[in-house]
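This is run-v3.pdb. It holds PDB, C-alpha atoms and all ligand atoms.
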ATOM      1  CA  MET A1409      87.259  70.667 133.265
ATOM      2  CA  THR A1410      86.501  70.214 136.941
ATOM      3  CA  LEU A1411      86.839  73.349 139.046
ATOM      4  CA  THR A1412      86.288  73.401 142.803
ATOM      5  CA  ASP A1413      87.579  76.886 143.630
ATOM      6  CA  PRO A1414      85.061  79.778 143.489
ATOM      7  CA  THR A1415      87.736  82.315 142.540
ATOM      8  CA  GLN A1416      88.984  80.192 139.660
ATOM      9  CA  ALA A1417      85.425  79.551 138.494
ATOM     10  CA  LEU A1418      84.671  83.284 138.376
ATOM     11  CA  ALA A1419      87.947  83.923 136.559
ATOM     12  CA  GLU A1420      86.867  81.401 133.888
ATOM     13  CA  LEU A1421      83.567  83.237 133.423
ATOM     14  CA  HIS A1422      85.301  86.607 133.129
ATOM     15  CA  ALA A1423      87.811  85.194 130.654
ATOM     16  CA  GLY A1424      85.019  83.778 128.510
ATOM     17  CA  ASN A1425      83.070  87.043 128.700
ATOM     18  CA  ARG A1426      86.149  88.974 127.568
ATOM     19  CA  ARG A1427      86.511  86.636 124.566
ATOM     20  CA  PHE A1428      82.847  87.221 123.741
ATOM     21  CA  VAL A1429      83.081  91.013 124.158
ATOM     22  CA  THR A1430      86.168  91.322 121.982
ATOM     23  CA  GLY A1431      84.694  89.201 119.218
ATOM     24  CA  ALA A1432      87.152  86.357 119.700
ATOM     25  CA  PRO A1433      85.084  83.485 121.119
ATOM     26  CA  ARG A1434      86.630  79.989 121.140
ATOM     27  CA  HIS A1435      83.321  78.108 121.520
ATOM     28  CA  PRO A1436      84.956  75.542 123.830
ATOM     29  CA  ASN A1437      83.383  72.187 124.663
ATOM     30  CA  GLN A1438      80.862  72.264 121.835
ATOM     31  CA  ASP A1439      82.337  69.501 119.665
ATOM     32  CA  ALA A1440      81.208  65.891 119.260
ATOM     33  CA  VAL A1441      84.178  64.497 121.207
ATOM     34  CA  HIS A1442      83.371  66.624 124.236
ATOM     35  CA  ARG A1443      79.664  65.848 123.900
ATOM     36  CA  ALA A1444      80.477  62.152 124.238
ATOM     37  CA  ALA A1445      82.957  62.770 127.048
ATOM     38  CA  VAL A1446      80.414  64.504 129.296
ATOM     39  CA  ALA A1447      77.539  62.100 128.567
ATOM     40  CA  ASP A1448      78.393  59.984 131.601
ATOM     41  CA  GLY A1449      78.364  62.792 134.140
ATOM     42  CA  GLN A1450      78.454  66.536 134.643
ATOM     43  CA  HIS A1451      80.721  68.764 136.735
ATOM     44  CA  PRO A1452      79.605  72.305 135.869
ATOM     45  CA  PHE A1453      81.830  74.972 137.425
ATOM     46  CA  ALA A1454      79.109  77.607 137.794
ATOM     47  CA  VAL A1455      75.398  77.867 138.414
ATOM     48  CA  ILE A1456      73.826  80.744 136.528
ATOM     49  CA  VAL A1457      70.584  82.078 137.975
ATOM     50  CA  GLY A1458      69.722  84.409 135.147
ATOM     51  CA  CYS A1459      66.904  86.363 133.602
ATOM     52  CA  SER A1460      65.103  84.519 130.777
ATOM     53  CA  ASP A1461      65.715  87.427 128.389
ATOM     54  CA  SER A1462      66.519  85.979 124.957
ATOM     55  CA  ARG A1463      69.650  88.121 124.716
ATOM     56  CA  LEU A1464      71.175  86.702 127.891
ATOM     57  CA  ALA A1465      72.159  83.181 126.740
ATOM     58  CA  ALA A1466      74.738  82.098 129.330
ATOM     59  CA  GLU A1467      76.869  79.737 127.232
ATOM     60  CA  ILE A1468      77.172  82.365 124.506
ATOM     61  CA  ILE A1469      78.021  85.423 126.609
ATOM     62  CA  PHE A1470      80.538  83.482 128.745
ATOM     63  CA  ASP A1471      81.884  81.533 125.736
ATOM     64  CA  ARG A1472      81.404  78.085 127.270
ATOM     65  CA  GLY A1473      79.987  74.756 126.118
ATOM     66  CA  LEU A1474      78.362  71.511 127.194
ATOM     67  CA  GLY A1475      78.795  70.515 130.836
ATOM     68  CA  ASP A1476      80.223  73.890 131.924
ATOM     69  CA  LEU A1477      77.255  75.853 133.259
ATOM     70  CA  PHE A1478      74.193  74.782 135.221
ATOM     71  CA  VAL A1479      71.627  77.335 134.088
ATOM     72  CA  VAL A1480      68.372  78.279 135.798
ATOM     73  CA  ARG A1481      66.419  81.105 134.215
ATOM     74  CA  THR A1482      63.232  82.937 135.067
ATOM     75  CA  ALA A1483      61.974  86.359 134.011
ATOM     76  CA  GLY A1484      63.710  88.854 136.299
ATOM     77  CA  HIS A1485      65.763  86.015 137.909
ATOM     78  CA  THR A1486      63.102  85.554 140.557
ATOM     79  CA  VAL A1487      63.874  82.715 142.964
ATOM     80  CA  GLY A1488      60.975  80.487 143.972
ATOM     81  CA  PRO A1489      61.221  76.987 145.480
ATOM     82  CA  GLU A1490      62.031  75.176 142.217
ATOM     83  CA  VAL A1491      64.859  77.600 141.495
ATOM     84  CA  LEU A1492      66.229  77.154 145.019
ATOM     85  CA  GLY A1493      66.008  73.373 144.638
ATOM     86  CA  SER A1494      67.846  73.507 141.327
ATOM     87  CA  VAL A1495      70.619  75.644 142.829
ATOM     88  CA  GLU A1496      70.906  73.315 145.823
ATOM     89  CA  TYR A1497      71.159  70.302 143.505
ATOM     90  CA  ALA A1498      74.054  71.851 141.608
ATOM     91  CA  VAL A1499      75.889  73.024 144.700
ATOM     92  CA  SER A1500      75.400  70.058 147.016
ATOM     93  CA  VAL A1501      75.125  67.104 144.592
ATOM     94  CA  LEU A1502      77.278  68.228 141.665
ATOM     95  CA  GLY A1503      79.726  70.192 143.821
ATOM     96  CA  THR A1504      79.521  73.387 141.773
ATOM     97  CA  PRO A1505      81.678  76.057 143.487
ATOM     98  CA  LEU A1506      80.069  79.259 142.184
ATOM     99  CA  VAL A1507      76.539  80.652 141.948
ATOM    100  CA  VAL A1508      76.054  83.683 139.721
ATOM    101  CA  VAL A1509      72.950  85.861 139.655
ATOM    102  CA  LEU A1510      72.845  87.306 136.151
ATOM    103  CA  GLY A1511      70.725  90.372 135.489
ATOM    104  CA  HIS A1512      70.866  92.932 132.719
ATOM    105  CA  ASP A1513      70.056  96.504 131.757
ATOM    106  CA  SER A1514      66.594  97.369 130.380
ATOM    107  CA  CYS A1515      65.156  94.253 132.089
ATOM    108  CA  GLY A1516      61.478  93.874 131.154
ATOM    109  CA  ALA A1517      60.558  92.249 134.465
ATOM    110  CA  VAL A1518      62.077  95.156 136.396
ATOM    111  CA  GLN A1519      60.340  97.650 134.112
ATOM    112  CA  ALA A1520      57.014  95.873 134.690
ATOM    113  CA  ALA A1521      57.474  95.949 138.465
ATOM    114  CA  ARG A1522      58.473  99.624 138.370
ATOM    115  CA  GLN A1523      55.399 100.400 136.278
ATOM    116  CA  ALA A1524      53.116  98.377 138.582
ATOM    117  CA  ALA A1525      54.456 100.233 141.625
ATOM    118  CA  ARG A1526      53.826 103.577 139.929
ATOM    119  CA  THR A1527      50.283 102.827 138.837
ATOM    120  CA  GLY A1528      49.272 100.621 141.754
ATOM    121  CA  THR A1529      48.118  97.896 139.391
ATOM    122  CA  THR A1530      49.076  94.245 139.004
ATOM    123  CA  PRO A1531      49.456  92.583 135.607
ATOM    124  CA  PRO A1532      46.994  89.777 134.777
ATOM    125  CA  GLY A1533      47.672  86.060 135.064
ATOM    126  CA  HIS A1534      50.900  84.620 136.384
ATOM    127  CA  LEU A1535      52.822  87.679 135.248
ATOM    128  CA  GLY A1536      51.653  89.120 138.551
ATOM    129  CA  ALA A1537      53.828  86.597 140.391
ATOM    130  CA  VAL A1538      56.923  87.845 138.562
ATOM    131  CA  VAL A1539      56.069  91.460 139.339
ATOM    132  CA  ASP A1540      55.352  90.628 142.996
ATOM    133  CA  ALA A1541      58.752  88.955 143.296
ATOM    134  CA  VAL A1542      60.586  91.979 141.881
ATOM    135  CA  THR A1543      58.543  94.627 143.745
ATOM    136  CA  PRO A1544      60.608  94.512 146.995
ATOM    137  CA  SER A1545      63.658  95.504 144.931
ATOM    138  CA  VAL A1546      61.747  98.441 143.464
ATOM    139  CA  ARG A1547      60.808  99.514 146.998
ATOM    140  CA  ARG A1548      64.389  99.207 148.218
ATOM    141  CA  ALA A1549      65.562 101.264 145.265
ATOM    142  CA  ALA A1550      62.980 103.940 146.032
ATOM    143  CA  ALA A1551      64.165 104.065 149.644
ATOM    144  CA  GLN A1552      67.679 104.695 148.300
ATOM    145  CA  GLY A1553      66.472 107.380 145.891
ATOM    146  CA  VAL A1554      67.071 105.179 142.843
ATOM    147  CA  ASP A1555      64.383 105.392 140.161
ATOM    148  CA  ASP A1556      66.078 104.560 136.853
ATOM    149  CA  VAL A1557      65.524 101.043 135.523
ATOM    150  CA  ASP A1558      69.189 100.100 135.335
ATOM    151  CA  GLY A1559      69.830 101.355 138.865
ATOM    152  CA  ILE A1560      66.921  99.241 140.077
ATOM    153  CA  VAL A1561      68.331  96.277 138.117
ATOM    154  CA  ASP A1562      71.613  96.375 140.058
ATOM    155  CA  ILE A1563      69.753  96.584 143.366
ATOM    156  CA  HIS A1564      67.532  93.696 142.272
ATOM    157  CA  ILE A1565      70.591  91.599 141.422
ATOM    158  CA  ALA A1566      72.084  92.261 144.877
ATOM    159  CA  ARG A1567      68.765  91.480 146.523
ATOM    160  CA  THR A1568      68.525  88.206 144.564
ATOM    161  CA  VAL A1569      71.961  87.215 145.912
ATOM    162  CA  GLU A1570      70.640  87.893 149.417
ATOM    163  CA  ALA A1571      67.407  86.012 148.720
ATOM    164  CA  LEU A1572      69.312  82.902 147.613
ATOM    165  CA  LEU A1573      71.342  82.877 150.826
ATOM    166  CA  ASP A1574      68.429  83.809 153.087
ATOM    167  CA  ASN A1575      66.134  81.137 151.682
ATOM    168  CA  SER A1576      68.563  78.269 151.160
ATOM    169  CA  ALA A1577      70.241  76.927 154.286
ATOM    170  CA  VAL A1578      72.034  74.424 152.061
ATOM    171  CA  LEU A1579      73.645  77.146 149.970
ATOM    172  CA  ALA A1580      74.428  79.294 153.017
ATOM    173  CA  ALA A1581      76.213  76.328 154.628
ATOM    174  CA  GLU A1582      78.300  75.692 151.500
ATOM    175  CA  VAL A1583      79.303  79.365 151.425
ATOM    176  CA  ALA A1584      80.095  79.386 155.158
ATOM    177  CA  ALA A1585      82.304  76.326 154.639
ATOM    178  CA  GLY A1586      84.224  78.151 151.904
ATOM    179  CA  ARG A1587      83.219  75.676 149.223
ATOM    180  CA  CYS A1588      81.027  78.073 147.295
ATOM    181  CA  ALA A1589      80.581  81.777 146.567
ATOM    182  CA  VAL A1590      77.614  83.755 145.294
ATOM    183  CA  VAL A1591      78.209  86.657 142.932
ATOM    184  CA  GLY A1592      75.825  89.089 141.250
ATOM    185  CA  LEU A1593      76.716  90.150 137.714
ATOM    186  CA  SER A1594      75.044  92.953 135.794
ATOM    187  CA  TYR A1595      75.172  92.464 132.027
ATOM    188  CA  ARG A1596      74.935  95.214 129.429
ATOM    189  CA  LEU A1597      73.033  94.115 126.363
ATOM    190  CA  ALA A1598      74.791  96.332 123.831
ATOM    191  CA  ALA A1599      78.352  96.068 125.154
ATOM    192  CA  GLY A1600      78.126  92.396 126.141
ATOM    193  CA  GLU A1601      79.993  93.016 129.400
ATOM    194  CA  ALA A1602      79.148  91.504 132.784
ATOM    195  CA  ARG A1603      80.176  93.613 135.793
ATOM    196  CA  THR A1604      80.159  92.497 139.433
ATOM    197  CA  VAL A1605      77.620  94.290 141.636
ATOM    198  CA  ALA A1606      77.475  91.941 144.625
ATOM    199  CA  ALA A1607      79.596  89.178 146.127
ATOM    200  CA  VAL A1608      79.324  86.835 149.103
ATOM    201  CA  PRO A1609      81.775  86.410 150.733
ATOM    202  CA  ALA A1610      82.224  90.153 150.181
ATOM    203  CA  GLY A1611      84.896  90.904 147.635
ATOM    204  CA  ALA A1612      86.581  87.508 147.785
ATOM    205  CA  PRO A1613      85.775  85.943 144.426
ATOM    206  CA  GLY A1614      85.222  89.277 142.689
ATOM    207  CA  ARG A1615      88.938  90.104 142.879
ATOM    208  CA  ALA A1616      89.591  87.532 140.201
ATOM    209  CA  GLY A1617      87.802  89.734 137.735
ATOM    210  CA  HIS A1618      88.972  92.980 136.242
ATOM    211  CA  ASP A1619      85.895  94.843 137.305
ATOM    212  CA  GLN A1620      84.830  96.612 140.430
ATOM    213  CA  VAL A1621      83.292  94.813 143.356
ATOM    214  CA  ALA A1622      80.589  96.576 145.278
ATOM    215  CA  ALA A1623      79.252  95.442 148.594
ATOM    216  CA  VAL A1624      75.776  93.979 148.610
ATOM    217  CA  ALA A1625      73.370  96.886 148.858
ATOM    218  CA  GLY A1626      71.894  97.178 152.317
TER     219      GLY A1626
HETATM  220 ZN    ZN A1701      65.348  90.599 132.207
END
What is this file in C-alpha cells?
Amino acid sequence: MTLTDPTQALAELHAGNRRFVTGAPRHPNQDAVHRAAVADGQHPFAVIVGCSDSRLAAEIIFDRGLGDLFVVRTAGHTVGPEVLGSVEYAVSVLGTPLVVVLGHDSCGAVQAARQAARTGTTPPGHLGAVVDAVTPSVRRAAAQGVDDVDGIVDIHIARTVEALLDNSAVLAAEVAAGRCAVVGLSYRLAAGEARTVAAVPAGAPGRAGHDQVAAVAG
C-alpha cells in the first residue's frame, strides 16, 4: 500500500487502532509473501515518533505490518538530532505523508520529569538528558495549572509536535506544501485507544478520525 494523503494515512491508523481495541485485529502485511514483496523498497504511510514504553508497540496497537510504519522511539518521545534526521529521512526521501507523535498515560519519563521539577534534583547518568528534554513540558503544564501526570502527558505530546516543526525546516516545508501533516496522539494503556490531542495543520487530518481534535496547546 502506498499512501500519499495525510488524511487517508491517519484514517488507516485509526481504523487499525479500532480493530485492535475491539479485539478484532487482522495482522495485515505480516505474511511471507508480503515480506518478500517489500524487500526491494519501503513506502511507509506514517512515521511514528513514540515513547519507548514496552506497551506502546506501534505495529500492534495500529494493527499494521512490515513496510507500513517508520518507527522512531525514545523514552518520553524526546526529539534530539538523530530523531529529527530519521523523521526527515522518512518524509523527504521515502515520501511518508504523516508524522505521528505517540505518547501515553502514566508515562515514566513524564513522571520522572515531574518528580525532578518537584524535588529540584536531576537523575544520574544519561537519564538526566531525558528528564531535561521533558522538563519544559512540565513547566508549561504548571503555567496552565495542570499537575496530573496524564494532563502533563497531553501537553508534552503537543509540545513535541511543535518541537518537530520548530527544529526541522525540512518537515515544516513538507507540511507547508501540503504533502505532510503532523498529529499528536495520546494512547491509553488499559483501553488501547489513541486520541488526537494536537494537529498541524490544525484540525485538517484529525477530522478523518472519530475522536476530538484539540488545537495545539499554546
Ligand atoms: Zn512513556
Using the chain letters and numbers from the file, which residues does the PyMOL selection byres (((not hetatm)) within 12 of (chain A and resi 1701)) grab, as a ChimeraX atom specification? /A:1457-1465,1481-1486,1509-1521,1538-1539,1542,1557-1558,1560-1562,1564-1565,1594-1597
For the structure provided, state which residues fall under the PyMOL selection byres (((chain A and resi 1467) around 10) and not hetatm), and present them as a VMD selection string. chain A and resid 1421 1424 to 1425 1435 to 1436 1456 1464 to 1466 1468 to 1474 1476 to 1479
Hey, can you check how far CA of Ala1599 in chain A sits from CA of Thr1430 in chain A?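 Atom-to-atom, CA of Ala1599 in chain A to CA of Thr1430 in chain A, that is 9.7 Å.
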For Asp1574 in chain A, the nearest of the candidates A:Ala1541, A:Cys1588, A:Ser1500, A:Leu1492, counting only C-alpha atoms: A:Leu1492
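Of the listed residues A:Pro1433, A:Gly1503, A:Gly1536, A:Gly1493, the one whose atoms come nearest to Pro1452 in chain A is A:Gly1503, with distances taken using all atoms listed in the file.
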Please rebuild range 1461-1475 of chain A with N, CA and C atoms and give the result as a compact mmCIF listing (two decimals), in the coordinates of the input.
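Resulting contents of part_9.txt:
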# COMPACT_ATOMS: atom_id res chain seq x y z
N ASP A 1461 65.58 86.58 129.58
CA ASP A 1461 65.72 87.43 128.39
C ASP A 1461 66.50 86.70 127.28
N SER A 1462 65.96 86.75 126.07
CA SER A 1462 66.52 85.98 124.96
C SER A 1462 67.91 86.43 124.56
N ARG A 1463 68.32 87.60 125.08
CA ARG A 1463 69.65 88.12 124.72
C ARG A 1463 70.70 87.81 125.77
N LEU A 1464 70.33 86.96 126.73
CA LEU A 1464 71.18 86.70 127.89
C LEU A 1464 71.62 85.23 127.96
N ALA A 1465 71.81 84.61 126.80
CA ALA A 1465 72.16 83.18 126.74
C ALA A 1465 73.52 82.93 127.38
N ALA A 1466 73.53 82.21 128.50
CA ALA A 1466 74.74 82.10 129.33
C ALA A 1466 75.93 81.51 128.58
N GLU A 1467 75.73 80.37 127.88
CA GLU A 1467 76.87 79.74 127.23
C GLU A 1467 77.47 80.62 126.15
N ILE A 1468 76.65 81.48 125.55
CA ILE A 1468 77.17 82.36 124.51
C ILE A 1468 77.95 83.52 125.12
N ILE A 1469 77.36 84.21 126.11
CA ILE A 1469 78.02 85.42 126.61
C ILE A 1469 79.24 85.11 127.48
N PHE A 1470 79.34 83.87 127.99
CA PHE A 1470 80.54 83.48 128.74
C PHE A 1470 81.43 82.54 127.92
N ASP A 1471 81.10 82.37 126.66
CA ASP A 1471 81.88 81.53 125.74
C ASP A 1471 82.23 80.17 126.34
N ARG A 1472 81.21 79.43 126.70
CA ARG A 1472 81.40 78.08 127.27
C ARG A 1472 80.60 77.07 126.46
N GLY A 1473 80.66 75.80 126.88
CA GLY A 1473 79.99 74.76 126.12
C GLY A 1473 79.26 73.77 127.01
N LEU A 1474 79.12 72.55 126.49
CA LEU A 1474 78.36 71.51 127.19
C LEU A 1474 79.05 71.11 128.50
N GLY A 1475 78.25 70.99 129.56
CA GLY A 1475 78.80 70.52 130.84
C GLY A 1475 79.45 71.59 131.68
